[in-house]
$ cat model.cif   # mmCIF, C-alpha atoms (C1' of nucleotides)
data_input
#
loop_
_atom_site.label_atom_id
_atom_site.label_comp_id
_atom_site.auth_asym_id
_atom_site.auth_seq_id
_atom_site.Cartn_x
_atom_site.Cartn_y
_atom_site.Cartn_z
CA MET L 1 -24.61 -54.18 -5.40
CA LYS L 2 -25.38 -55.24 -1.85
CA ASN L 3 -23.21 -54.14 1.04
CA THR L 4 -21.86 -57.63 1.73
CA GLU L 5 -20.80 -57.89 -1.89
CA LYS L 6 -19.24 -54.44 -1.87
CA GLU L 7 -17.10 -55.34 1.13
CA PHE L 8 -16.06 -58.56 -0.55
CA TYR L 9 -15.25 -56.72 -3.76
CA ASP L 10 -12.92 -54.33 -1.94
CA VAL L 11 -10.87 -56.93 -0.13
CA PHE L 12 -10.93 -59.37 -3.01
CA THR L 13 -9.53 -56.92 -5.54
CA ASP L 14 -6.64 -56.28 -3.15
CA PHE L 15 -6.09 -60.00 -2.80
CA GLN L 16 -6.30 -60.54 -6.54
CA CYS L 17 -3.76 -57.78 -7.16
CA PHE L 18 -1.40 -59.46 -4.74
CA ILE L 19 -1.63 -62.82 -6.51
CA ILE L 20 -1.03 -61.26 -9.90
CA ALA L 21 1.85 -59.13 -8.60
CA GLN L 22 3.43 -62.27 -7.19
CA VAL L 23 3.26 -63.98 -10.57
CA ASN L 24 4.63 -60.90 -12.34
CA SER L 25 7.39 -60.40 -9.77
CA GLY L 26 9.59 -63.26 -10.93
CA ASP L 27 13.31 -63.59 -11.17
CA PHE L 28 14.73 -65.25 -8.15
CA ASN L 29 18.15 -66.29 -9.44
CA GLY L 30 16.78 -66.37 -12.97
CA VAL L 31 13.79 -68.47 -11.91
CA THR L 32 10.47 -66.68 -12.36
CA ALA L 33 7.36 -67.36 -10.31
CA THR L 34 5.92 -69.20 -13.30
CA HIS L 35 8.91 -71.55 -13.39
CA TYR L 36 8.75 -71.96 -9.64
CA ASN L 37 5.06 -72.86 -9.67
CA LEU L 38 5.65 -75.54 -12.28
CA VAL L 39 8.56 -77.09 -10.41
CA GLU L 40 6.61 -76.97 -7.17
CA PHE L 41 3.63 -78.70 -8.70
CA ILE L 42 5.76 -81.46 -10.21
CA TYR L 43 7.55 -81.85 -6.89
CA ARG L 44 4.34 -82.21 -4.88
CA ASN L 45 2.30 -84.04 -7.47
CA GLY L 46 5.02 -86.42 -8.65
CA ALA L 47 5.73 -87.33 -12.28
CA SER L 48 3.61 -85.10 -14.51
CA SER L 49 3.11 -84.84 -18.25
CA ASN L 50 3.01 -81.70 -20.35
CA LYS L 51 -0.70 -82.27 -20.88
CA GLN L 52 -1.41 -82.56 -17.14
CA LEU L 53 0.40 -79.31 -16.44
CA SER L 54 -1.48 -77.52 -19.19
CA LEU L 55 -4.79 -78.63 -17.66
CA LYS L 56 -3.73 -77.77 -14.12
CA PHE L 57 -2.45 -74.30 -14.93
CA GLN L 58 -5.11 -73.61 -17.54
CA VAL L 59 -2.65 -72.55 -20.24
CA SER L 60 -1.92 -74.04 -23.67
CA GLN L 61 0.41 -77.00 -24.09
CA ALA L 62 2.58 -74.73 -26.21
CA ALA L 63 3.08 -72.45 -23.23
CA ILE L 64 4.00 -75.38 -20.97
CA SER L 65 6.34 -76.74 -23.61
CA ARG L 66 8.39 -73.57 -23.67
CA GLN L 67 8.53 -73.24 -19.88
CA VAL L 68 9.59 -76.88 -19.57
CA LYS L 69 12.36 -76.24 -22.10
CA PHE L 70 13.73 -73.66 -19.69
CA LEU L 71 13.37 -75.95 -16.68
CA LEU L 72 15.26 -78.70 -18.51
CA ALA L 73 18.06 -76.32 -19.51
CA ALA L 74 18.25 -75.10 -15.91
CA ASN L 75 18.42 -78.71 -14.74
CA LEU L 76 15.44 -78.23 -12.41
CA VAL L 77 13.43 -81.09 -13.93
CA MET L 78 14.19 -84.14 -16.05
CA GLN L 79 12.12 -85.66 -18.80
CA THR L 80 11.51 -89.33 -19.54
CA GLN L 81 9.52 -90.85 -22.36
CA LEU L 82 6.70 -93.03 -21.07
CA LYS L 83 7.15 -96.66 -22.18
CA GLN L 84 3.41 -97.42 -22.33
CA ASP L 85 2.70 -94.40 -24.55
CA ARG L 86 5.69 -92.92 -26.28
CA ARG L 87 3.82 -89.72 -27.14
CA VAL L 88 4.00 -88.79 -23.47
CA PHE L 89 7.07 -87.35 -21.78
CA TYR L 90 6.75 -87.21 -18.02
CA LEU L 91 8.64 -84.79 -15.83
CA GLU L 92 10.25 -85.22 -12.43
CA VAL L 93 12.20 -82.72 -10.36
CA THR L 94 15.95 -83.10 -10.12
CA GLU L 95 17.92 -82.75 -6.89
CA LYS L 96 18.46 -79.10 -7.85
CA GLY L 97 14.72 -78.66 -8.38
CA ARG L 98 14.02 -80.19 -4.98
CA GLN L 99 16.48 -77.81 -3.38
CA LEU L 100 14.77 -74.85 -5.06
CA ILE L 101 11.45 -75.78 -3.47
CA ASP L 102 12.85 -76.80 -0.10
CA GLY L 103 15.31 -73.91 0.16
CA SER L 104 14.14 -71.60 2.89
CA GLU L 105 15.08 -68.58 0.83
CA ASN L 106 12.46 -69.48 -1.74
CA PHE L 107 9.84 -70.12 0.84
CA ARG L 108 8.61 -66.56 0.57
CA MET L 109 7.82 -66.96 -3.12
CA ASN L 110 4.92 -69.24 -2.37
CA THR L 111 1.59 -67.50 -1.87
CA THR L 112 0.24 -70.59 -0.17
CA ASN L 113 2.95 -70.48 2.44
CA GLN L 114 2.31 -66.82 3.11
CA VAL L 115 -1.36 -67.48 3.73
CA CYS L 116 -0.54 -70.43 6.01
CA ARG L 117 1.74 -68.17 8.01
CA ILE L 118 -0.95 -65.52 8.51
CA LEU L 119 -3.93 -67.71 9.44
CA ASP L 120 -4.24 -70.19 12.30
CA LYS L 121 -5.40 -73.79 11.86
CA GLU L 122 -9.15 -73.12 12.24
CA GLU L 123 -9.06 -70.12 9.93
CA LEU L 124 -7.09 -72.05 7.34
CA GLU L 125 -9.61 -74.89 7.41
CA ALA L 126 -12.48 -72.43 7.05
CA LEU L 127 -10.78 -70.71 4.11
CA THR L 128 -10.00 -74.07 2.50
CA SER L 129 -13.61 -75.22 2.56
CA LEU L 130 -14.91 -71.88 1.29
CA LEU L 131 -12.45 -71.87 -1.60
CA GLN L 132 -13.30 -75.50 -2.28
CA LYS L 133 -16.89 -74.50 -2.79
CA VAL L 134 -15.88 -71.58 -5.00
CA VAL L 135 -13.57 -73.69 -7.16
CA GLN L 136 -16.25 -76.35 -7.61
CA GLY L 137 -18.77 -73.64 -8.49
CA LEU L 138 -16.44 -72.13 -11.06
CA HIS L 139 -16.02 -75.41 -12.89
CA SER L 140 -19.73 -76.07 -13.22
CA MET Y 141 3.91 -79.80 5.41
CA LYS Y 142 0.96 -80.43 7.70
CA ASN Y 143 -2.22 -81.98 6.41
CA THR Y 144 -4.29 -78.82 6.84
CA GLU Y 145 -1.73 -76.91 4.81
CA LYS Y 146 -1.58 -79.58 2.13
CA GLU Y 147 -5.36 -79.40 1.67
CA PHE Y 148 -5.19 -75.65 1.48
CA TYR Y 149 -2.35 -75.82 -1.04
CA ASP Y 150 -4.35 -78.07 -3.35
CA VAL Y 151 -7.47 -75.95 -3.47
CA PHE Y 152 -5.59 -72.69 -3.44
CA THR Y 153 -3.44 -73.51 -6.46
CA ASP Y 154 -6.63 -74.28 -8.37
CA PHE Y 155 -8.10 -70.98 -7.27
CA GLN Y 156 -4.93 -69.10 -8.14
CA CYS Y 157 -4.86 -70.67 -11.61
CA PHE Y 158 -8.43 -69.54 -12.16
CA ILE Y 159 -7.64 -65.94 -11.25
CA ILE Y 160 -4.62 -65.84 -13.52
CA ALA Y 161 -6.50 -67.52 -16.36
CA GLN Y 162 -9.21 -64.89 -16.00
CA VAL Y 163 -6.65 -62.10 -16.36
CA ASN Y 164 -4.99 -63.81 -19.32
CA SER Y 165 -8.30 -64.59 -21.02
CA GLY Y 166 -9.05 -61.08 -22.17
CA ASP Y 167 -10.65 -59.80 -25.31
CA PHE Y 168 -14.30 -59.18 -24.81
CA ASN Y 169 -15.08 -56.92 -27.78
CA GLY Y 170 -11.45 -55.81 -27.80
CA VAL Y 171 -11.49 -55.08 -24.07
CA THR Y 172 -9.14 -57.31 -22.10
CA ALA Y 173 -9.64 -58.26 -18.45
CA THR Y 174 -6.90 -55.78 -17.52
CA HIS Y 175 -8.77 -52.95 -19.21
CA TYR Y 176 -12.00 -54.09 -17.63
CA ASN Y 177 -10.53 -54.17 -14.13
CA LEU Y 178 -9.24 -50.62 -14.50
CA VAL Y 179 -12.56 -49.27 -15.76
CA GLU Y 180 -14.40 -51.13 -13.03
CA PHE Y 181 -12.16 -49.71 -10.33
CA ILE Y 182 -12.54 -46.14 -11.62
CA TYR Y 183 -16.28 -46.66 -11.87
CA ARG Y 184 -16.63 -47.90 -8.29
CA ASN Y 185 -13.93 -45.78 -6.73
CA GLY Y 186 -14.76 -42.55 -8.54
CA ALA Y 187 -12.21 -40.14 -10.05
CA SER Y 188 -8.77 -41.77 -9.87
CA SER Y 189 -5.29 -40.66 -10.84
CA ASN Y 190 -2.67 -42.65 -12.70
CA LYS Y 191 -0.67 -42.86 -9.49
CA GLN Y 192 -3.61 -44.21 -7.46
CA LEU Y 193 -4.23 -46.94 -10.02
CA SER Y 194 -0.58 -47.90 -10.04
CA LEU Y 195 -0.65 -48.33 -6.24
CA LYS Y 196 -3.95 -50.21 -6.26
CA PHE Y 197 -2.97 -52.69 -8.98
CA GLN Y 198 0.66 -52.92 -7.87
CA VAL Y 199 2.09 -52.20 -11.31
CA SER Y 200 4.32 -49.38 -12.56
CA GLN Y 201 2.89 -46.01 -13.55
CA ALA Y 202 4.26 -46.67 -17.03
CA ALA Y 203 2.05 -49.76 -17.30
CA ILE Y 204 -1.01 -47.80 -16.17
CA SER Y 205 -0.16 -45.00 -18.57
CA ARG Y 206 -0.26 -47.31 -21.57
CA GLN Y 207 -3.48 -49.02 -20.50
CA VAL Y 208 -5.13 -45.65 -19.91
CA LYS Y 209 -4.08 -44.56 -23.39
CA PHE Y 210 -6.13 -47.46 -24.73
CA LEU Y 211 -9.10 -46.68 -22.49
CA LEU Y 212 -9.09 -43.07 -23.68
CA ALA Y 213 -8.91 -44.11 -27.34
CA ALA Y 214 -11.77 -46.55 -26.72
CA ASN Y 215 -13.75 -43.76 -25.09
CA LEU Y 216 -14.27 -45.80 -21.92
CA VAL Y 217 -12.76 -43.18 -19.61
CA MET Y 218 -12.07 -39.45 -19.81
CA GLN Y 219 -9.16 -37.52 -18.40
CA THR Y 220 -9.16 -34.12 -16.72
CA GLN Y 221 -6.23 -32.14 -15.39
CA LEU Y 222 -6.60 -31.41 -11.68
CA LYS Y 223 -6.78 -27.66 -11.01
CA GLN Y 224 -5.13 -27.83 -7.58
CA ASP Y 225 -2.15 -29.84 -8.91
CA ARG Y 226 -1.66 -29.70 -12.62
CA ARG Y 227 0.74 -32.66 -12.60
CA VAL Y 228 -2.24 -34.90 -11.87
CA PHE Y 229 -4.75 -36.06 -14.48
CA TYR Y 230 -7.77 -37.74 -12.96
CA LEU Y 231 -9.89 -40.30 -14.74
CA GLU Y 232 -13.62 -40.87 -14.78
CA VAL Y 233 -15.66 -43.40 -16.70
CA THR Y 234 -17.67 -42.24 -19.68
CA GLU Y 235 -21.22 -43.34 -20.39
CA LYS Y 236 -19.76 -46.07 -22.59
CA GLY Y 237 -17.49 -47.15 -19.73
CA ARG Y 238 -20.43 -47.30 -17.36
CA GLN Y 239 -22.34 -49.43 -19.84
CA LEU Y 240 -19.39 -51.81 -20.10
CA ILE Y 241 -19.48 -52.43 -16.35
CA ASP Y 242 -23.25 -52.51 -16.00
CA GLY Y 243 -23.87 -54.56 -19.13
CA SER Y 244 -25.10 -58.00 -18.10
CA GLU Y 245 -23.01 -59.65 -20.80
CA ASN Y 246 -19.85 -58.46 -19.13
CA PHE Y 247 -20.99 -59.57 -15.74
CA ARG Y 248 -19.30 -62.91 -16.17
CA MET Y 249 -15.88 -61.30 -16.62
CA ASN Y 250 -15.76 -60.25 -13.03
CA THR Y 251 -14.24 -62.80 -10.65
CA THR Y 252 -15.87 -61.05 -7.71
CA ASN Y 253 -19.32 -61.51 -9.20
CA GLN Y 254 -18.66 -65.17 -9.84
CA VAL Y 255 -17.69 -65.73 -6.22
CA CYS Y 256 -20.77 -63.80 -5.03
CA ARG Y 257 -22.93 -66.02 -7.21
CA ILE Y 258 -21.49 -69.22 -5.75
CA LEU Y 259 -21.50 -68.39 -2.03
CA ASP Y 260 -24.43 -67.37 0.18
CA LYS Y 261 -24.41 -64.30 2.43
CA GLU Y 262 -22.89 -65.97 5.50
CA GLU Y 263 -20.19 -67.72 3.49
CA LEU Y 264 -19.35 -64.51 1.67
CA GLU Y 265 -18.98 -62.64 4.94
CA ALA Y 266 -16.77 -65.40 6.35
CA LEU Y 267 -14.58 -65.37 3.22
CA THR Y 268 -14.38 -61.57 3.31
CA SER Y 269 -13.11 -61.45 6.87
CA LEU Y 270 -10.60 -64.26 6.26
CA LEU Y 271 -9.23 -62.53 3.17
CA GLN Y 272 -9.18 -59.25 5.08
CA LYS Y 273 -6.85 -60.84 7.60
CA VAL Y 274 -4.69 -62.33 4.84
CA VAL Y 275 -4.41 -59.03 2.97
CA GLN Y 276 -3.47 -57.17 6.13
CA GLY Y 277 -0.91 -59.86 6.95
CA LEU Y 278 0.62 -59.64 3.49
CA HIS Y 279 1.19 -55.91 3.79
CA SER Y 280 3.00 -56.12 7.13
"C1'" DT D 281 13.20 -15.44 -4.55
"C1'" DG D 282 15.58 -18.45 -7.37
"C1'" DT D 283 17.70 -22.94 -7.50
"C1'" DT D 284 17.31 -27.66 -6.45
"C1'" DA D 285 14.77 -31.73 -5.36
"C1'" DA D 286 10.67 -34.41 -5.63
"C1'" DT D 287 6.44 -35.91 -7.91
"C1'" DG D 288 3.09 -37.34 -11.66
"C1'" DA D 289 2.65 -38.66 -16.24
"C1'" DT D 290 4.56 -40.22 -20.55
"C1'" DT D 291 7.51 -42.53 -23.95
"C1'" DA D 292 11.06 -45.80 -25.71
"C1'" DA D 293 13.35 -50.09 -25.64
"C1'" DC D 294 13.07 -54.43 -23.75
"C1'" DT D 295 11.28 -58.92 -21.64
"C1'" DA D 296 8.12 -62.66 -20.06
"C1'" DA D 297 4.69 -65.41 -21.08
"C1'" DG D 298 0.67 -66.13 -23.09
"C1'" DT D 299 -1.90 -67.21 -27.85
"C1'" DT D 300 -3.02 -69.80 -32.51
"C1'" DA D 301 -1.62 -72.54 -36.34
"C1'" DA D 302 1.18 -75.90 -38.41
"C1'" DG D 303 4.14 -79.94 -38.12
"C1'" DT D 304 6.01 -84.54 -36.21
"C1'" DA D 305 5.61 -88.90 -33.83
"C1'" DT D 306 2.78 -92.13 -31.88
"C1'" DT D 307 -1.50 -94.47 -30.78
"C1'" DA D 308 -6.53 -95.58 -31.49
"C1'" DT D 309 -10.36 -96.50 -34.60
"C1'" DT D 310 -12.79 -98.68 -38.14
"C1'" DA P 311 -4.13 -100.46 -43.96
"C1'" DA P 312 -5.94 -95.88 -43.95
"C1'" DT P 313 -7.78 -92.31 -41.19
"C1'" DA P 314 -8.45 -89.84 -37.04
"C1'" DA P 315 -6.99 -88.42 -32.65
"C1'" DT P 316 -3.49 -87.33 -29.20
"C1'" DA P 317 0.97 -85.51 -27.07
"C1'" DC P 318 4.34 -82.59 -27.84
"C1'" DT P 319 7.07 -78.96 -30.28
"C1'" DT P 320 8.10 -74.88 -32.99
"C1'" DA P 321 7.21 -70.41 -35.28
"C1'" DA P 322 5.07 -66.04 -35.58
"C1'" DC P 323 2.53 -62.96 -33.01
"C1'" DT P 324 0.31 -60.28 -29.03
"C1'" DT P 325 -0.35 -58.50 -24.43
"C1'" DA P 326 1.21 -56.44 -20.66
"C1'" DG P 327 4.58 -56.02 -17.64
"C1'" DT P 328 9.58 -53.81 -16.63
"C1'" DT P 329 13.40 -49.92 -16.19
"C1'" DA P 330 15.38 -45.63 -17.68
"C1'" DA P 331 14.95 -41.13 -19.52
"C1'" DT P 332 12.23 -36.96 -20.20
"C1'" DC P 333 8.88 -33.18 -19.39
"C1'" DA P 334 5.86 -30.30 -16.59
"C1'" DT P 335 4.69 -28.95 -12.27
"C1'" DT P 336 5.07 -28.39 -7.31
"C1'" DA P 337 7.67 -28.37 -2.81
"C1'" DA P 338 11.70 -27.26 -0.13
"C1'" DC P 339 14.99 -24.19 1.43
"C1'" DA P 340 19.62 -21.26 1.43
#

$ encode --input "model.cif" --output "structure tokens"
Amino acid sequence: MKNTEKEFYDVFTDFQCFIIAQVNSGDFNGVTATHYNLVEFIYRNGASSNKQLSLKFQVSQAAISRQVKFLLAANLVMQTQLKQDRRVFYLEVTEKGRQLIDGSENFRMNTTNQVCRILDKEELEALTSLLQKVVQGLHS
Amino acid sequence: MKNTEKEFYDVFTDFQCFIIAQVNSGDFNGVTATHYNLVEFIYRNGASSNKQLSLKFQVSQAAISRQVKFLLAANLVMQTQLKQDRRVFYLEVTEKGRQLIDGSENFRMNTTNQVCRILDKEELEALTSLLQKVVQGLHS
DNA sequence: TGTTAATGATTAACTAAGTTAAGTATTATT
DNA sequence: AATAATACTTAACTTAGTTAATCATTAACA
């Protein structure tokens, strides 16, 4: 293993541990990080189907289905059957869901926001384009 | 949310999903990604205690304890009581553990290696120093 | 020096969140 | 019209965390 790679390994494992810890941390007023991430995605992405979420988060539709069940019960999202294809139920955030994402108290939950706080504009742009390349490379 | 941040959010959520998917994927010959990460860390870091691993991976000692139990049963690591402090049991990889990490088939399991494969030297160095800043920022 | 407090590791009971497989409703194919 | 495919759901199971309690050992100190 080359020296450059060794240095990357060291910092990256720390970073990776942080991301995973964040997901495992959960439970902010009964809302786990997993719930939060789903609501946030629906909020930013707009109306989303079960299928779309399963592709985005790379988990089974069964997993999404159960999480959505919770989000519906908690009144964070609402579900509507699509008229053009009645197999599809699309999700939108409720007012309560919007408040969860916008609420400054929850701001800290978001890894993205933490990174944005730490890096300046140029650094953020550099990191974005590097990760873009990595993500593209991973999917090919 | 500024445009720079929005772009970062989009690519970062993809990246984050990949990392989590990798950890959830598991089961390469009965060895999950969690097991693999532990063995890899012990291999690269040298003799490590339960406590050290729990700090590194940001999980409870109880969680480490159970994972280590598996690694011992699978003969991937071995445990020795420290003479200077007999509360501590340090871990080292066995020959089989070393083979697991070195084996080219397992190479793909490692997120670090995938990133190293995708980026060239300069890009890797740039990403390393950006993540270094992020990691430091997160811990302060 | 002997008691008390702290530390490292382990176990038990529990929880969160994934998985696969099977089932239902709807749509597409031929 | 029958068959195949798709979107979603549910059930049974697994993995890997958590906290709380316990044991052995070491550190602190009256």

$ residues_near_point --input "model.cif" --point "(14.8, -23.2, -0.1)" --cutoff "10 Å" --atoms "all atoms listed in the file" --output "VMD selection string"
(chain D and resid 281 to 284) or (chain P and resid 337 to 340)

$ atom_distance --input "model.cif" --atom1 "atom CA of Y:Lys236" --atom2 "atom C1' of D:DG298"
28.6 Å

$ closest_residue --input "model.cif" --among "L:Ser104, L:Asn113, L:Gln52, L:Ser65" --to "chain P" --atoms "only C-alpha atoms (C1' of nucleotides)"
L:Ser65

$ resolve_selection --input "model.cif" --expression "the PyMOL selection byres ((chain Y) within 8 of (chain L))" --output "PyMOL selection string"
chain Y and resi 144-145+147-149+151-161+196-199+252+254-256+258-259+261+263-265+267-268+270-275+277-278

$ atom_distance --input "model.cif" --atom1 "atom CA of Y:Val233" --atom2 "atom CA of Y:Met218"
6.2 Å

$ residues_around --input "model.cif" --residues "L:Ser54" --least-positions-apart "6" --cutoff "10 Å" --atoms "all atoms listed in the file" --output "list of chain:residue names"
L:Ser60, L:Gln61, L:Ala62, L:Ala63, L:Ile64, L:Ser65

$ write_last_selection --input "model.cif" --atoms "C-alpha atoms" --output "short mmCIF file (atom, residue, chain, number, x, y, z; two decimals), in the coordinates of the input"
data_model
loop_
_atom_site.label_atom_id
_atom_site.label_comp_id
_atom_site.auth_asym_id
_atom_site.auth_seq_id
_atom_site.Cartn_x
_atom_site.Cartn_y
_atom_site.Cartn_z
CA SER L 60 -1.92 -74.04 -23.67
CA GLN L 61 0.41 -77.00 -24.09
CA ALA L 62 2.58 -74.73 -26.21
CA ALA L 63 3.08 -72.45 -23.23
CA ILE L 64 4.00 -75.38 -20.97
CA SER L 65 6.34 -76.74 -23.61
#

$ interface_residues --input "model.cif" --of "chain D" --to "chain Y" --cutoff "9 Å" --atoms "all atoms listed in the file" --output "short mmCIF file (atom, residue, chain, number, x, y, z; two decimals) with C-alpha atoms (C1' of nucleotides), keeping the file's coordinate frame"
data_model
loop_
_atom_site.label_atom_id
_atom_site.label_comp_id
_atom_site.auth_asym_id
_atom_site.auth_seq_id
_atom_site.Cartn_x
_atom_site.Cartn_y
_atom_site.Cartn_z
"C1'" DT D 287 6.44 -35.91 -7.91
"C1'" DG D 288 3.09 -37.34 -11.66
"C1'" DA D 289 2.65 -38.66 -16.24
"C1'" DT D 290 4.56 -40.22 -20.55
"C1'" DT D 291 7.51 -42.53 -23.95
"C1'" DG D 298 0.67 -66.13 -23.09
#

$ residues_around --input "model.cif" --residues "P:DA322" --least-positions-apart "6" --cutoff "12 Å" --atoms "only C-alpha atoms (C1' of nucleotides)" --output "list of chain:residue names"
D:DT299, D:DT300, D:DA301, D:DA302

$ resolve_selection --input "model.cif" --expression "the PyMOL selection byres ((chain P) within 12 of (chain Y))" --output "short mmCIF file (atom, residue, chain, number, x, y, z; two decimals) with C-alpha atoms (C1' of nucleotides), in the coordinates of the input"
data_model
loop_
_atom_site.label_atom_id
_atom_site.label_comp_id
_atom_site.auth_asym_id
_atom_site.auth_seq_id
_atom_site.Cartn_x
_atom_site.Cartn_y
_atom_site.Cartn_z
"C1'" DT P 324 0.31 -60.28 -29.03
"C1'" DT P 325 -0.35 -58.50 -24.43
"C1'" DA P 326 1.21 -56.44 -20.66
"C1'" DG P 327 4.58 -56.02 -17.64
"C1'" DT P 328 9.58 -53.81 -16.63
"C1'" DT P 329 13.40 -49.92 -16.19
"C1'" DA P 330 15.38 -45.63 -17.68
"C1'" DC P 333 8.88 -33.18 -19.39
"C1'" DA P 334 5.86 -30.30 -16.59
"C1'" DT P 335 4.69 -28.95 -12.27
"C1'" DT P 336 5.07 -28.39 -7.31
"C1'" DA P 337 7.67 -28.37 -2.81
#

$ resolve_selection --input "model.cif" --expression "the PyMOL selection byres ((chain Y and resi 238) around 10)" --output "ChimeraX atom specification"
/Y:179-180,182-184,216-217,232-237,239-243

$ atom_distance --input "model.cif" --atom1 "atom CA of Y:Gly186" --atom2 "atom C1' of P:DT332"
29.9 Å

$ residues_around --input "model.cif" --residues "D:DT304" --least-positions-apart "3" --cutoff "12 Å" --atoms "only C-alpha atoms (C1' of nucleotides)" --output "VMD selection string"
(chain L and resid 87) or (chain P and resid 317 to 320)

$ decode --input "model.cif" --residues "chain D" --atoms "C-alpha atoms (C1' of nucleotides)" --output "PDB file, in the first residue's frame"
ATOM      1  C1'  DT D 281      -2.595  -1.131  54.065  1.00  0.00           C
ATOM      2  C1'  DG D 282      -7.221  -1.963  53.287  1.00  0.00           C
ATOM      3  C1'  DT D 283     -11.360   0.025  51.397  1.00  0.00           C
ATOM      4  C1'  DT D 284     -13.409   2.422  47.710  1.00  0.00           C
ATOM      5  C1'  DA D 285     -13.588   4.015  43.056  1.00  0.00           C
ATOM      6  C1'  DA D 286     -12.498   3.470  38.302  1.00  0.00           C
ATOM      7  C1'  DT D 287     -11.500   0.699  34.228  1.00  0.00           C
ATOM      8  C1'  DG D 288     -11.701  -3.171  30.708  1.00  0.00           C
ATOM      9  C1'  DA D 289     -14.183  -6.970  29.192  1.00  0.00           C
ATOM     10  C1'  DT D 290     -18.280  -9.758  29.084  1.00  0.00           C
ATOM     11  C1'  DT D 291     -23.137 -11.186  29.173  1.00  0.00           C
ATOM     12  C1'  DA D 292     -28.241 -10.648  29.048  1.00  0.00           C
ATOM     13  C1'  DA D 293     -32.294  -8.496  27.432  1.00  0.00           C
ATOM     14  C1'  DC D 294     -33.827  -5.437  24.143  1.00  0.00           C
ATOM     15  C1'  DT D 295     -34.328  -2.575  19.745  1.00  0.00           C
ATOM     16  C1'  DA D 296     -33.683  -0.832  14.949  1.00  0.00           C
ATOM     17  C1'  DA D 297     -33.406  -1.825  10.552  1.00  0.00           C
ATOM     18  C1'  DG D 298     -31.975  -4.565   7.204  1.00  0.00           C
ATOM     19  C1'  DT D 299     -32.944  -9.219   4.415  1.00  0.00           C
ATOM     20  C1'  DT D 300     -35.742 -12.873   1.495  1.00  0.00           C
ATOM     21  C1'  DA D 301     -39.986 -14.989   0.201  1.00  0.00           C
ATOM     22  C1'  DA D 302     -44.762 -14.914  -0.504  1.00  0.00           C
ATOM     23  C1'  DG D 303     -49.027 -12.456  -1.482  1.00  0.00           C
ATOM     24  C1'  DT D 304     -52.166  -8.666  -3.510  1.00  0.00           C
ATOM     25  C1'  DA D 305     -53.416  -5.200  -6.865  1.00  0.00           C
ATOM     26  C1'  DT D 306     -52.531  -3.201 -11.042  1.00  0.00           C
ATOM     27  C1'  DT D 307     -50.517  -2.676 -15.591  1.00  0.00           C
ATOM     28  C1'  DA D 308     -48.060  -4.410 -19.825  1.00  0.00           C
ATOM     29  C1'  DT D 309     -47.353  -8.009 -23.262  1.00  0.00           C
ATOM     30  C1'  DT D 310     -48.527 -11.159 -26.701  1.00  0.00           C
TER      31       DT D 310
END
